[in-house]
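Asker: What follows is a single structure, and I will ask about it in a moment.
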Amino acid sequence: MLFRQETDWHQRDGRLPLWSQPHLTDEEAAHRECWAFTSSTPLRSALLMRSMPLWYRFDLVPAWVRGHPSRPDRLTRVSHSDTDHSRVVDLLTRSEARIPEARYHQKTTNSGILEVGTGSAQLIST
C-alpha cells in the first residue's frame with residue numbers, strides 16, 4: 001500500500017509505470033551508457049542507498065560527475081549546513097550505515113578517494 005502511495009504519480013494521465021515496461025523508453029535509451037555496469041556501479045548503488053541521511057540529515061546536495069581514464073568519478077557535495085567532511089566520511093565508512101568494505105583515502109581536509117572493490121570516486125566537499 002505504501003509503495004502504491006509513493007508511486008501513484010507515475011500513473012497519472014493513464015501512463016503505465018516505467019518499471020512495468022518490457023523495454024527502455026526513448027528517454028532511457030538516449031542515456032544507455034548511464035545504465036551500463038562499470039567498476040563504480042556498486043559504489044554508486046551504495047551511495048544511492050544512503051542518500052536519505054546524506055540529503056536530509058546533513059543537508060547536502062550531491063552531484064555525481066563521471067570520470068575518464070585519467071580521473072576517477074567524482075561525488076561533489078555542496079553543504080548547506082555546517083556539516084564537516086569527516087562526518088560524511090564517518091557515515092560512509094564507520095557508522096552502522098557504512099558501505100561494507102568501503103575504504104577512504106584522505107587527500108585534503110575536504111577531499112579524498114572513496115573505494116569499493118575496484119570502483120572509486122573522489123569525494124569533495126565544497
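Convention: chains lettered A, B, ... in C-alpha cells order; per-chain residue numbering from 1; ligands numbered from 1 as shown.
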Write out as an MDAnalysis selection string the residues lying within 7 Å of stretch 38-51 of chain A, counting only C-alpha atoms and excluding same-chain residues fewer than 4 positions away.
Answerer: chainID A and resid 55 99 116 118:120
Asker: Under the rule that only C-alpha atoms are counted, which of A:Tyr104, A:Trp35, A:Phe3, A:Tyr56 is the nearest residue to A:Val89?
Answerer: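 Distance minimum relative to A:Val89 lands on A:Tyr104.
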Asker: Among the residues of chain A, find those DSSP assigns to strand (DSSP E) from the backbone and print them as a PyMOL selection string.
Answerer: chain A and resi 60-65+73-79+103-108+111-116+119-125
Asker: Using only C-alpha atoms, which protein or nucleic acid residues come within 10 Å of A:Asp84? Drop anything in the same chain fewer than 6 positions from it, and give the result as a PDB file with N, CA, C and O atoms, in the first residue's frame.
Answerer:
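Final output, around_30.pdb:
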ATOM      1  N   PHE A  58      22.290  15.645   6.824  1.00  0.00           N
ATOM      2  CA  PHE A  58      23.412  16.570   6.704  1.00  0.00           C
ATOM      3  C   PHE A  58      23.119  17.761   5.792  1.00  0.00           C
ATOM      4  O   PHE A  58      23.968  18.622   5.616  1.00  0.00           O
ATOM      5  N   THR A 109      41.634  18.151   3.818  1.00  0.00           N
ATOM      6  CA  THR A 109      40.586  18.113   4.839  1.00  0.00           C
ATOM      7  C   THR A 109      39.191  18.012   4.234  1.00  0.00           C
ATOM      8  O   THR A 109      38.260  17.589   4.906  1.00  0.00           O
ATOM      9  N   ASN A 110      39.049  18.378   2.963  1.00  0.00           N
ATOM     10  CA  ASN A 110      37.731  18.359   2.318  1.00  0.00           C
ATOM     11  C   ASN A 110      37.655  17.453   1.096  1.00  0.00           C
ATOM     12  O   ASN A 110      36.715  17.587   0.306  1.00  0.00           O
ATOM     13  N   SER A 125      34.082  18.017  -0.721  1.00  0.00           N
ATOM     14  CA  SER A 125      33.139  18.889  -0.024  1.00  0.00           C
ATOM     15  C   SER A 125      33.454  20.328  -0.394  1.00  0.00           C
ATOM     16  O   SER A 125      34.614  20.734  -0.387  1.00  0.00           O
TER      17      SER A 125
END
Asker: Using Å and a single decimal, report how far atom CA of A:Ser86 sits from atom CA of A:Gln106.
Answerer: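 Those two atoms sit 9.6 Å apart.
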Asker: One decimal, in Å: what's the spacing between atom CA of A:Thr76 and atom CA of A:Glu96?
Answerer: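 Computed distance, atom CA of A:Thr76 to atom CA of A:Glu96, equals 23.0 Å.
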Asker: With only C-alpha atoms as the counted atoms, please give the residues lying no more than 10 Å from A:Pro17, apart from itself and same-chain residues fewer than 5 positions off, as a PyMOL selection string.
Answerer: chain A and resi 7-12
Asker: Taking the DSSP secondary structure from the backbone, can you list the residues of stretch 10-69 of chain A that are alpha helix (DSSP H), as a PyMOL selection string?
Answerer: chain A and resi 26-29+32-35+41-49+51-52
Asker: What would the file look like if the residues just selected were written as a CSV table (one decimal), in the first residue's frame with N, CA, C and O atoms?
Answerer:
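Output saved as part.csv:
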chain,number,residue,atom,x,y,z
A,26,ASP,N,12.3,5.7,-24.9
A,26,ASP,CA,13.2,6.5,-25.7
A,26,ASP,C,14.1,7.4,-24.9
A,26,ASP,O,15.3,7.5,-25.2
A,27,GLU,N,13.6,8.0,-23.8
A,27,GLU,CA,14.4,8.8,-23.0
A,27,GLU,C,15.5,8.0,-22.3
A,27,GLU,O,16.6,8.5,-22.2
A,28,GLU,N,15.1,6.8,-21.8
A,28,GLU,CA,16.1,6.0,-21.1
A,28,GLU,C,17.1,5.5,-22.1
A,28,GLU,O,18.3,5.5,-21.8
A,29,ALA,N,16.7,5.1,-23.3
A,29,ALA,CA,17.6,4.6,-24.3
A,29,ALA,C,18.6,5.7,-24.7
A,29,ALA,O,19.8,5.3,-25.1
A,32,ARG,N,21.7,5.3,-22.5
A,32,ARG,CA,22.0,3.9,-22.3
A,32,ARG,C,23.4,3.7,-21.6
A,32,ARG,O,23.5,2.9,-20.7
A,33,GLU,N,24.3,4.6,-21.9
A,33,GLU,CA,25.7,4.4,-21.3
A,33,GLU,C,25.6,4.6,-19.8
A,33,GLU,O,26.4,4.1,-19.0
A,34,CYS,N,24.6,5.4,-19.3
A,34,CYS,CA,24.4,5.6,-17.8
A,34,CYS,C,23.9,4.3,-17.2
A,34,CYS,O,24.2,4.1,-16.0
A,35,TRP,N,23.3,3.4,-17.9
A,35,TRP,CA,22.8,2.2,-17.3
A,35,TRP,C,23.8,1.1,-17.4
A,35,TRP,O,23.6,0.0,-16.7
A,41,THR,N,29.8,1.0,-10.3
A,41,THR,CA,28.4,0.8,-10.1
A,41,THR,C,28.1,0.4,-8.7
A,41,THR,O,27.1,0.9,-8.1
A,42,PRO,N,28.8,-0.6,-8.1
A,42,PRO,CA,28.5,-0.9,-6.7
A,42,PRO,C,28.6,0.3,-5.8
A,42,PRO,O,27.8,0.4,-4.8
A,43,LEU,N,29.6,1.1,-6.0
A,43,LEU,CA,29.8,2.3,-5.1
A,43,LEU,C,28.6,3.3,-5.3
A,43,LEU,O,28.1,3.8,-4.4
A,44,ARG,N,28.3,3.5,-6.6
A,44,ARG,CA,27.1,4.4,-6.9
A,44,ARG,C,25.9,3.9,-6.2
A,44,ARG,O,25.1,4.7,-5.6
A,45,SER,N,25.6,2.6,-6.3
A,45,SER,CA,24.5,2.0,-5.7
A,45,SER,C,24.5,2.2,-4.2
A,45,SER,O,23.4,2.5,-3.6
A,46,ALA,N,25.6,1.9,-3.6
A,46,ALA,CA,25.7,2.1,-2.2
A,46,ALA,C,25.5,3.5,-1.7
A,46,ALA,O,24.8,3.7,-0.7
A,47,LEU,N,26.0,4.4,-2.5
A,47,LEU,CA,25.8,5.9,-2.1
A,47,LEU,C,24.3,6.2,-2.3
A,47,LEU,O,23.7,7.0,-1.5
A,48,LEU,N,23.7,5.7,-3.3
A,48,LEU,CA,22.2,6.0,-3.5
A,48,LEU,C,21.4,5.4,-2.4
A,48,LEU,O,20.5,6.1,-1.9
A,49,MET,N,21.8,4.3,-1.9
A,49,MET,CA,21.0,3.7,-0.7
A,49,MET,C,21.2,4.5,0.5
A,49,MET,O,20.4,4.4,1.5
A,51,SER,N,21.4,7.9,0.5
A,51,SER,CA,21.1,9.3,0.1
A,51,SER,C,20.2,10.0,1.1
A,51,SER,O,20.4,11.2,1.3
A,52,MET,N,19.3,9.3,1.7
A,52,MET,CA,18.4,10.0,2.7
A,52,MET,C,19.2,10.6,3.8
A,52,MET,O,19.0,11.8,4.1
